[in-house]
Each structure stands twice: as structure tokens, then as C-alpha cells.
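What follows is a set of notes on a single structure, which appears directly below.
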Amino acid sequence: EDPEGDFVEQLELQDYKLISKIGEGAFSKVYRGVPRTESSKSFLFKTFKQVAIKVINKKHLTSSQKDSKSKATSREQVLKEVAIHRTVSASENVVSFVDFHESPSYYFIVQELLAGGEIFGEIVRLTYFSEDLSRHVIRQLALAVKHMHSLGIVHRDIKPENLLFEPVDFEPSPKPMLRKSDDPKSKQDEGVFKPGVGGGGVGIVKLADFGLSKQIYSTNTKTPCGTVGYTAPEVVKDERYSLQVDMWGIGCVLYTILCGFPPFYDEKIDVLTEKISRGEYIFLRPWWDEISEGAKHAVRKLLEVDPSKRYNIDEFLADPWLNSYDCLRGQAL
Ligand code: ADP
Ligand code: MG
């Protein structure tokens, strides 16, 4: 373990010892840390042997305040992220919020540590996931989104970098390696071992990063936040479907983990934007040839341009492919 004082942030953080850097975002650095036994919050030591601490540099925030569209531009936004993280924390598939600390130069958001890191890293490692591993991951993402949407909160930044996992030792049975998991009798794939094999070690999957999250509905009143009476129809419509942006996000993640590349890509940002706005994607051969019709159907229903036709979270949770037998866990859910 690194000696103390290696990180300047440590000087303004008493209750936790920073151990090593584990992640980085546009406005944050994330460290692995441990609660100090001698601290006033030492009770946390019993619950959380290790934590992840998202450190946001205040200097960083002020210098980037000019680009108004940027993610975190003010103290209010950090406090909003913390408030939402607290609110959604009580789900098995959401990274638990632990603590928040503000010092002269930094904000510290303390969370449970997900030792596996990003699902993004697993895509890089395995190239793409088997259908069983994809289902295992995406079902847990869907449960996290269900929890958030039932609280009237939209995540708005669903991507493999914000999906974290707990590693698990798991010896795959021979079958889950086959791509045609929906058709166990299929002979044509037999013996064809693919990456994503057994999934290696992806256990529990949790959604992180509430920096772009937004409260859409108040759960008490079941009404949209803000004044309604004078709101224009297109805004009302937007509000009604605003939770649906997460469903598109789930669709992009599902597409990506199944084949190893994203549904929409172009080096030129304006071309990419145009493709997305038209929903212009294909199941590119040969990568998609062996992927089941059930999986493709789920992707189609998620990457539907019209948000009113797109799967909502309850519809996706009832999807036949999502609910088909889970070879990885040996259970039907
Ligand atoms: P940003 O808002 O800057 O994107 P994130 O909250 O997404 O910050 O954190 C950045 C990265 O740090 C993540 O993509 C992940 O790699 C790592 N990270 C964040 N939280 C945790 C955690 N609880 N456990 C493990 N790694 C984490
Ligand atoms: Mg992030």
C-alpha cells in the first residue's frame, strides 16, 4: 500500500485514507480508500472495509464554467448529484452512497467500492459477451433503472464506463460459451468457443455516476417537477418521455456488449449525430450472424427512435429474451 501523503487531496480529507487512484472522469478522480478507525465516522469501518472516493476539484469546476453544457459546472450541480445518489442508493444494483465531505478545494463523494471496475474493461478484455453474460449484465442494469424510474429519476448517462461490477469466481459450464444460448439443441455452434466465455468473473453489476441525473417526477404528487400550467405542449411531451432516454442508453449498452462495438459511430460528430437522430444502425455481418433473433428484437425495441414506441422499463423487464433461461447462473428469472 502506498505511503500516506501521496495524494494532495489527502490533506483535506481526515476520515478516510486514500490508497490508490482507480478511475478518472472529466471532472473527477476516483480513489480506493479506507475509513479510518480513529475517525468520528469509524462505524463505517465495520460496514465498509474499502470505499471508492470520487474527488471533484473545485478549481477544475470554476475553470470549466464557461462551457455551459458541461457536466458539472457548479456547487449546486455537485450537491444535486449527491442528493440524487442518496435518494437512489437503496437498490441492490445501484452503487451505495456512503458519505459526502466538502473541503476548501474539493468535494469528496464516498461510495461503496466495486472491485471489478467498469463493465467497459470487460468488453475490452473479452471483445464481446456471450448472450448469457449479456443478459446477466443487462438485467441488473434494467433493475437499477427500474428503481430510479420508479422514483421519477432519470440517469441520463448510461454507458459501459458507468456500469461497475463485483468480480466473482465462477467456473462456467461448457454450454454457456456457445452463442446460440436460446437454442441449446443447436448443433451448428457446438464446440465453437467464443470470447465472453462463461463471463469469467462478472458477479453483481451496479449503476454508478449520477452527475447527469435528474428528477423528472415528484413521487409524492406523481406530477412533473416545475410549473405545469403554462408549459408548451412539446415540453410536456418531452417530460412525459424523458425517462425513455435511459431505455435508449440500455439499448446502446446491450448492442455493444453483444457484438463488441457500439450501434452508432462516426469520426465526424455531425455525421454521428445525424445517424443517431435517424436511428440509423444495422446488425453488422458477420458479427451479428450468430446472435439470436430474441436478442435482436430486444435491441430493436430499445433503439426505437420514437420514445412512445420504445420499450419502457416495465416492457423491457418483461421481454422474452431478457427472461429466458440464464445458463450463467443456472436459473430462470
Ligand atoms: P465522472 O462523473 O467523472 O464520469 P464517475 O462517477 O463515473 O465520474 O467515476 C469515474 C470512474 O471511476 C468510473 O468510470 C469508474 O472507473 C471509477 N469508479 C467510480 N466509482 C467507483 C466505485 N464505486 N467503485 C469502483 N470504481 C469506481
Ligand atoms: Mg462516469
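Letters A, B, ... mark the chains of the C-alpha cells in the order given; residue numbers begin at 1 per chain; ligand numbers begin at 1, in order shown.
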Near ligand 1, 9 Å: chain A residue rows, closest pairs, only C-alpha atoms and all ligand atoms, as CSV:
residue,atom,partner,partner_atom_place_in_ligand_line,distance
A:Lys21,CA,ligand 1,12 (O),8.7
A:Ile22,CA,ligand 1,17 (C),5.9
A:Gly23,CA,ligand 1,12 (O),3.5
A:Glu24,CA,ligand 1,10 (C),4.6
A:Gly25,CA,ligand 1,3 (O),3.1
A:Ala26,CA,ligand 1,3 (O),4.8
A:Phe27,CA,ligand 1,3 (O),5.0
A:Ser28,CA,ligand 1,3 (O),4.5
A:Lys29,CA,ligand 1,10 (C),6.7
A:Val30,CA,ligand 1,12 (O),4.9
A:Tyr31,CA,ligand 1,12 (O),7.7
A:Arg32,CA,ligand 1,25 (C),7.5
A:Val51,CA,ligand 1,23 (N),7.1
A:Ala52,CA,ligand 1,23 (N),4.8
A:Ile53,CA,ligand 1,20 (N),7.2
A:Lys54,CA,ligand 1,6 (O),6.5
A:Val55,CA,ligand 1,8 (O),8.9
A:Ile56,CA,ligand 1,3 (O),8.2
A:Lys71,CA,ligand 1,2 (O),7.8
A:Ala72,CA,ligand 1,2 (O),8.2
A:Val95,CA,ligand 1,23 (N),6.0
A:Ser96,CA,ligand 1,23 (N),7.7
A:Phe97,CA,ligand 1,23 (N),8.6
A:Ile109,CA,ligand 1,6 (O),8.9
A:Val110,CA,ligand 1,23 (N),8.0
A:Gln111,CA,ligand 1,23 (N),5.2
A:Glu112,CA,ligand 1,23 (N),5.1
A:Leu113,CA,ligand 1,24 (N),3.9
A:Leu114,CA,ligand 1,24 (N),3.9
A:Ala115,CA,ligand 1,25 (C),5.8
A:Gly116,CA,ligand 1,25 (C),7.1
A:Gly117,CA,ligand 1,26 (N),4.9
A:Glu118,CA,ligand 1,16 (O),5.2
A:Ile119,CA,ligand 1,16 (O),8.9
A:Phe120,CA,ligand 1,14 (O),8.5
A:Gly121,CA,ligand 1,16 (O),8.8
A:Asp157,CA,ligand 1,4 (O),8.9
A:Pro160,CA,ligand 1,14 (O),8.2
A:Glu161,CA,ligand 1,14 (O),4.6
A:Asn162,CA,ligand 1,14 (O),5.0
A:Leu163,CA,ligand 1,14 (O),7.5
A:Leu164,CA,ligand 1,25 (C),6.5
A:Phe165,CA,ligand 1,25 (C),8.0
A:Glu166,CA,ligand 1,24 (N),9.0
A:Lys206,CA,ligand 1,23 (N),8.8
A:Ala208,CA,ligand 1,6 (O),5.9
A:Asp209,CA,ligand 1,6 (O),3.9
A:Phe210,CA,ligand 1,6 (O),7.0
A:Gly211,CA,ligand 1,2 (O),5.3
A:Leu212,CA,ligand 1,2 (O),8.0
Any chance you can output those residues with N, CA and C atoms as a compact mmCIF listing (two decimals), in the first residue's frame?
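So result-v1.txt came out as:
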# COMPACT_ATOMS: atom_id res chain seq x y z
N LYS A 21 -5.34 5.48 -7.03
CA LYS A 21 -6.31 6.01 -7.99
C LYS A 21 -6.89 4.86 -8.80
N ILE A 22 -8.22 4.82 -8.91
CA ILE A 22 -8.84 3.72 -9.66
C ILE A 22 -9.66 4.18 -10.86
N GLY A 23 -9.86 5.48 -10.96
CA GLY A 23 -10.67 5.93 -12.08
C GLY A 23 -10.57 7.42 -12.29
N GLU A 24 -11.03 7.85 -13.44
CA GLU A 24 -10.97 9.27 -13.75
C GLU A 24 -12.12 9.63 -14.67
N GLY A 25 -12.73 10.77 -14.42
CA GLY A 25 -13.76 11.28 -15.31
C GLY A 25 -13.36 12.68 -15.74
N ALA A 26 -14.26 13.35 -16.45
CA ALA A 26 -13.96 14.68 -16.96
C ALA A 26 -13.66 15.66 -15.82
N PHE A 27 -14.37 15.51 -14.71
CA PHE A 27 -14.21 16.46 -13.61
C PHE A 27 -13.79 15.81 -12.31
N SER A 28 -13.50 14.54 -12.35
CA SER A 28 -13.26 13.84 -11.09
C SER A 28 -12.08 12.88 -11.19
N LYS A 29 -11.54 12.60 -10.02
CA LYS A 29 -10.60 11.49 -9.87
C LYS A 29 -11.23 10.58 -8.83
N VAL A 30 -11.13 9.28 -9.05
CA VAL A 30 -11.72 8.35 -8.10
C VAL A 30 -10.62 7.50 -7.46
N TYR A 31 -10.64 7.46 -6.14
CA TYR A 31 -9.62 6.72 -5.40
C TYR A 31 -10.22 5.57 -4.61
N ARG A 32 -9.43 4.52 -4.45
CA ARG A 32 -9.76 3.49 -3.49
C ARG A 32 -9.29 4.01 -2.13
N VAL A 51 -13.64 1.71 0.38
CA VAL A 51 -14.60 2.57 -0.30
C VAL A 51 -13.99 3.14 -1.57
N ALA A 52 -14.85 3.70 -2.41
CA ALA A 52 -14.38 4.45 -3.57
C ALA A 52 -14.70 5.91 -3.29
N ILE A 53 -13.74 6.78 -3.48
CA ILE A 53 -13.94 8.20 -3.18
C ILE A 53 -13.79 9.02 -4.45
N LYS A 54 -14.89 9.62 -4.87
CA LYS A 54 -14.88 10.47 -6.06
C LYS A 54 -14.50 11.87 -5.60
N VAL A 55 -13.38 12.36 -6.08
CA VAL A 55 -12.87 13.66 -5.67
C VAL A 55 -13.07 14.66 -6.80
N ILE A 56 -13.80 15.71 -6.52
CA ILE A 56 -14.04 16.74 -7.52
C ILE A 56 -13.29 18.00 -7.10
N LYS A 71 -20.76 18.97 -17.86
CA LYS A 71 -21.44 18.11 -16.90
C LYS A 71 -21.60 18.73 -15.50
N ALA A 72 -20.50 19.06 -14.90
CA ALA A 72 -20.59 19.64 -13.57
C ALA A 72 -20.01 21.03 -13.63
N VAL A 95 -24.82 1.62 -7.05
CA VAL A 95 -23.68 1.80 -6.16
C VAL A 95 -24.12 2.54 -4.90
N SER A 96 -23.85 1.97 -3.74
CA SER A 96 -24.30 2.58 -2.48
C SER A 96 -23.56 3.88 -2.18
N PHE A 97 -24.35 4.86 -1.79
CA PHE A 97 -23.78 6.11 -1.31
C PHE A 97 -23.37 5.92 0.14
N ILE A 109 -17.08 12.50 -2.69
CA ILE A 109 -18.26 11.64 -2.65
C ILE A 109 -17.80 10.21 -2.36
N VAL A 110 -18.14 9.73 -1.16
CA VAL A 110 -17.68 8.41 -0.73
C VAL A 110 -18.74 7.37 -1.06
N GLN A 111 -18.34 6.28 -1.71
CA GLN A 111 -19.27 5.25 -2.16
C GLN A 111 -18.72 3.87 -1.84
N GLU A 112 -19.59 2.89 -1.93
CA GLU A 112 -19.09 1.52 -1.82
C GLU A 112 -18.16 1.25 -2.99
N LEU A 113 -17.14 0.44 -2.76
CA LEU A 113 -16.17 0.10 -3.81
C LEU A 113 -16.64 -1.11 -4.59
N LEU A 114 -16.66 -0.98 -5.91
CA LEU A 114 -16.94 -2.13 -6.77
C LEU A 114 -15.59 -2.60 -7.33
N ALA A 115 -15.12 -3.70 -6.80
CA ALA A 115 -13.73 -4.11 -7.03
C ALA A 115 -13.44 -4.50 -8.48
N GLY A 116 -14.46 -4.88 -9.23
CA GLY A 116 -14.23 -5.29 -10.62
C GLY A 116 -13.98 -4.13 -11.55
N GLY A 117 -14.41 -2.95 -11.15
CA GLY A 117 -14.27 -1.79 -12.02
C GLY A 117 -15.37 -1.73 -13.06
N GLU A 118 -15.04 -1.13 -14.21
CA GLU A 118 -16.05 -0.86 -15.24
C GLU A 118 -16.36 -2.09 -16.09
N ILE A 119 -17.62 -2.25 -16.47
CA ILE A 119 -18.01 -3.26 -17.47
C ILE A 119 -17.26 -2.98 -18.78
N PHE A 120 -16.98 -1.71 -19.02
CA PHE A 120 -16.20 -1.31 -20.19
C PHE A 120 -14.91 -2.13 -20.29
N GLY A 121 -14.23 -2.29 -19.15
CA GLY A 121 -12.99 -3.06 -19.12
C GLY A 121 -13.19 -4.51 -19.50
N ASP A 157 -26.96 9.02 -18.26
CA ASP A 157 -25.57 8.79 -18.67
C ASP A 157 -25.22 7.30 -18.61
N PRO A 160 -21.11 1.84 -20.67
CA PRO A 160 -20.31 0.80 -20.02
C PRO A 160 -19.30 1.32 -18.99
N GLU A 161 -18.91 2.60 -19.13
CA GLU A 161 -17.98 3.20 -18.18
C GLU A 161 -18.64 3.45 -16.82
N ASN A 162 -19.96 3.62 -16.84
CA ASN A 162 -20.68 3.90 -15.60
C ASN A 162 -21.36 2.66 -15.01
N LEU A 163 -21.05 1.51 -15.58
CA LEU A 163 -21.56 0.24 -15.07
C LEU A 163 -20.41 -0.49 -14.40
N LEU A 164 -20.54 -0.70 -13.10
CA LEU A 164 -19.45 -1.31 -12.34
C LEU A 164 -19.86 -2.69 -11.88
N PHE A 165 -18.88 -3.53 -11.56
CA PHE A 165 -19.23 -4.89 -11.14
C PHE A 165 -18.32 -5.42 -10.05
N GLU A 166 -18.87 -6.39 -9.36
CA GLU A 166 -18.14 -7.12 -8.34
C GLU A 166 -17.66 -8.42 -8.99
N LYS A 206 -23.60 -2.96 -10.87
CA LYS A 206 -24.26 -1.79 -10.28
C LYS A 206 -24.05 -0.54 -11.14
N ALA A 208 -23.52 3.42 -11.65
CA ALA A 208 -22.83 4.49 -10.93
C ALA A 208 -22.98 5.81 -11.67
N ASP A 209 -22.45 6.87 -11.11
CA ASP A 209 -22.30 8.19 -11.72
C ASP A 209 -23.64 8.91 -11.96
N PHE A 210 -24.03 9.70 -10.98
CA PHE A 210 -25.30 10.41 -11.07
C PHE A 210 -25.11 11.89 -11.39
N GLY A 211 -23.97 12.17 -12.02
CA GLY A 211 -23.61 13.54 -12.37
C GLY A 211 -24.54 14.20 -13.38
N LEU A 212 -25.24 13.40 -14.16
CA LEU A 212 -26.18 13.97 -15.15
C LEU A 212 -27.63 13.65 -14.80
Near region 252-255 of chain A, 9 Å: region 51-162 of chain A residue rows, closest pairs, only C-alpha atoms, as CSV:
residue,atom,partner,partner_atom,distance
A:Ser134,CA,A:Leu254,CA,6.9
A:Arg135,CA,A:Leu254,CA,8.5
A:Val137,CA,A:Leu254,CA,8.8
A:Ile138,CA,A:Leu254,CA,6.6
A:Ile158,CA,A:Val253,CA,7.7
A:Lys159,CA,A:Val253,CA,6.1
A:Pro160,CA,A:Val253,CA,6.5
Show which residues sit within 6 Å of Tyr16 (chain A), as a tab-separated table (two decimals) with C-alpha atoms, in the first residue's frame. Count only C-alpha atoms, and ignore same-chain residues fewer than 4 positions away.
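Result file follows (part-v9.tsv):
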chain	number	residue	atom	x	y	z
A	34	VAL	CA	-10.40	3.04	3.69
A	35	PRO	CA	-12.34	4.67	6.52
A	36	ARG	CA	-10.06	5.49	9.44
Please provide as a PDB file with N, CA and C atoms, in the first residue's frame all residues within 10 Å of Arg240 (chain A), with the sequence filter that same-chain residues fewer than 4 positions apart are discarded (counting only C-alpha atoms).
ATOM      1  N   ILE A 216     -37.421  13.926 -12.533  1.00  0.00           N
ATOM      2  CA  ILE A 216     -38.420  14.300 -13.531  1.00  0.00           C
ATOM      3  C   ILE A 216     -39.792  14.438 -12.887  1.00  0.00           C
ATOM      4  N   TYR A 217     -40.131  13.424 -12.115  1.00  0.00           N
ATOM      5  CA  TYR A 217     -41.421  13.439 -11.432  1.00  0.00           C
ATOM      6  C   TYR A 217     -41.202  13.537  -9.937  1.00  0.00           C
ATOM      7  N   PRO A 224     -45.133  16.168 -12.886  1.00  0.00           N
ATOM      8  CA  PRO A 224     -43.821  16.637 -13.314  1.00  0.00           C
ATOM      9  C   PRO A 224     -43.313  17.754 -12.410  1.00  0.00           C
ATOM     10  N   GLU A 234     -44.849  20.744 -26.489  1.00  0.00           N
ATOM     11  CA  GLU A 234     -43.651  19.943 -26.787  1.00  0.00           C
ATOM     12  C   GLU A 234     -42.832  19.682 -25.526  1.00  0.00           C
ATOM     13  N   VAL A 235     -42.906  20.627 -24.587  1.00  0.00           N
ATOM     14  CA  VAL A 235     -42.183  20.436 -23.326  1.00  0.00           C
ATOM     15  C   VAL A 235     -42.876  19.371 -22.481  1.00  0.00           C
ATOM     16  N   VAL A 236     -44.197  19.449 -22.419  1.00  0.00           N
ATOM     17  CA  VAL A 236     -44.980  18.448 -21.682  1.00  0.00           C
ATOM     18  C   VAL A 236     -44.700  17.051 -22.240  1.00  0.00           C
ATOM     19  N   GLN A 244     -37.390   7.908 -20.964  1.00  0.00           N
ATOM     20  CA  GLN A 244     -37.081   6.989 -22.062  1.00  0.00           C
ATOM     21  C   GLN A 244     -35.645   7.124 -22.587  1.00  0.00           C
ATOM     22  N   PRO A 307     -39.827   7.778 -28.850  1.00  0.00           N
ATOM     23  CA  PRO A 307     -39.800   7.360 -27.438  1.00  0.00           C
ATOM     24  C   PRO A 307     -41.115   6.736 -26.958  1.00  0.00           C
ATOM     25  N   SER A 308     -42.224   7.068 -27.652  1.00  0.00           N
ATOM     26  CA  SER A 308     -43.507   6.495 -27.235  1.00  0.00           C
ATOM     27  C   SER A 308     -43.643   5.045 -27.694  1.00  0.00           C
TER      28      SER A 308
END
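Taking only C-alpha atoms into account, Leu13 (chain A) lies nearest to A:Glu102 out of the set A:Glu76, A:Asp132, A:Glu92, A:Glu102.
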Quick one: DSSP strand (DSSP E) residues in region 3-86 of chain A, as a PyMOL selection string?
chain A and resi 16-24+28-35+51-57
Those selected residues, please, written with N, CA and C atoms and delivered as a compact mmCIF listing (two decimals), in the first residue's frame.
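Output (selection23.txt):
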# COMPACT_ATOMS: atom_id res chain seq x y z
N TYR A 16 -10.87 9.43 5.89
CA TYR A 16 -10.52 8.30 5.02
C TYR A 16 -9.08 8.39 4.59
N LYS A 17 -8.47 7.23 4.43
CA LYS A 17 -7.12 7.20 3.90
C LYS A 17 -7.20 6.81 2.42
N LEU A 18 -6.60 7.64 1.58
CA LEU A 18 -6.58 7.34 0.15
C LEU A 18 -5.47 6.34 -0.16
N ILE A 19 -5.80 5.31 -0.93
CA ILE A 19 -4.83 4.24 -1.18
C ILE A 19 -4.27 4.31 -2.59
N SER A 20 -5.16 4.36 -3.59
CA SER A 20 -4.68 4.40 -4.98
C SER A 20 -5.75 4.97 -5.89
N LYS A 21 -5.34 5.48 -7.03
CA LYS A 21 -6.31 6.01 -7.99
C LYS A 21 -6.89 4.86 -8.80
N ILE A 22 -8.22 4.82 -8.91
CA ILE A 22 -8.84 3.72 -9.66
C ILE A 22 -9.66 4.18 -10.86
N GLY A 23 -9.86 5.48 -10.96
CA GLY A 23 -10.67 5.93 -12.08
C GLY A 23 -10.57 7.42 -12.29
N GLU A 24 -11.03 7.85 -13.44
CA GLU A 24 -10.97 9.27 -13.75
C GLU A 24 -12.12 9.63 -14.67
N SER A 28 -13.50 14.54 -12.35
CA SER A 28 -13.26 13.84 -11.09
C SER A 28 -12.08 12.88 -11.19
N LYS A 29 -11.54 12.60 -10.02
CA LYS A 29 -10.60 11.49 -9.87
C LYS A 29 -11.23 10.58 -8.83
N VAL A 30 -11.13 9.28 -9.05
CA VAL A 30 -11.72 8.35 -8.10
C VAL A 30 -10.62 7.50 -7.46
N TYR A 31 -10.64 7.46 -6.14
CA TYR A 31 -9.62 6.72 -5.40
C TYR A 31 -10.22 5.57 -4.61
N ARG A 32 -9.43 4.52 -4.45
CA ARG A 32 -9.76 3.49 -3.49
C ARG A 32 -9.29 4.01 -2.13
N GLY A 33 -10.12 3.85 -1.12
CA GLY A 33 -9.74 4.34 0.20
C GLY A 33 -10.27 3.46 1.30
N VAL A 34 -9.86 3.76 2.53
CA VAL A 34 -10.40 3.04 3.69
C VAL A 34 -10.82 4.06 4.74
N PRO A 35 -11.96 3.80 5.41
CA PRO A 35 -12.34 4.67 6.52
C PRO A 35 -11.34 4.49 7.67
N VAL A 51 -13.64 1.71 0.38
CA VAL A 51 -14.60 2.57 -0.30
C VAL A 51 -13.99 3.14 -1.57
N ALA A 52 -14.85 3.70 -2.41
CA ALA A 52 -14.38 4.45 -3.57
C ALA A 52 -14.70 5.91 -3.29
N ILE A 53 -13.74 6.78 -3.48
CA ILE A 53 -13.94 8.20 -3.18
C ILE A 53 -13.79 9.02 -4.45
N LYS A 54 -14.89 9.62 -4.87
CA LYS A 54 -14.88 10.47 -6.06
C LYS A 54 -14.50 11.87 -5.60
N VAL A 55 -13.38 12.36 -6.08
CA VAL A 55 -12.87 13.66 -5.67
C VAL A 55 -13.07 14.66 -6.80
N ILE A 56 -13.80 15.71 -6.52
CA ILE A 56 -14.04 16.74 -7.52
C ILE A 56 -13.29 18.00 -7.10
N ASN A 57 -12.40 18.44 -7.97
CA ASN A 57 -11.58 19.62 -7.68
C ASN A 57 -12.38 20.88 -7.98
Of the residues A:Asp306, A:Val202, A:Ser213, A:Arg75, which is the one nearest to ligand 2, using only C-alpha atoms and all ligand atoms?
A:Ser213
Enumerate the residues of region 79-281 of chain A with a DSSP assignment of helix (DSSP H, G or I), computed from the backbone, and present them as a PyMOL selection string.
chain A and resi 79-88+119-126+131-150+160-162+175-177+197-199+233-241+244-259+269-278
Which residue is closest to ligand 2? Choose from A:Ser42, A:Leu207, A:Tyr265, A:Phe100 and count only C-alpha atoms and all ligand atoms.
A:Leu207
Using only C-alpha atoms and all ligand atoms, the shortest atom-to-atom distance to ligand 2 among A:Lys268, A:Arg156, A:Lys301, A:Arg285 belongs to A:Arg156
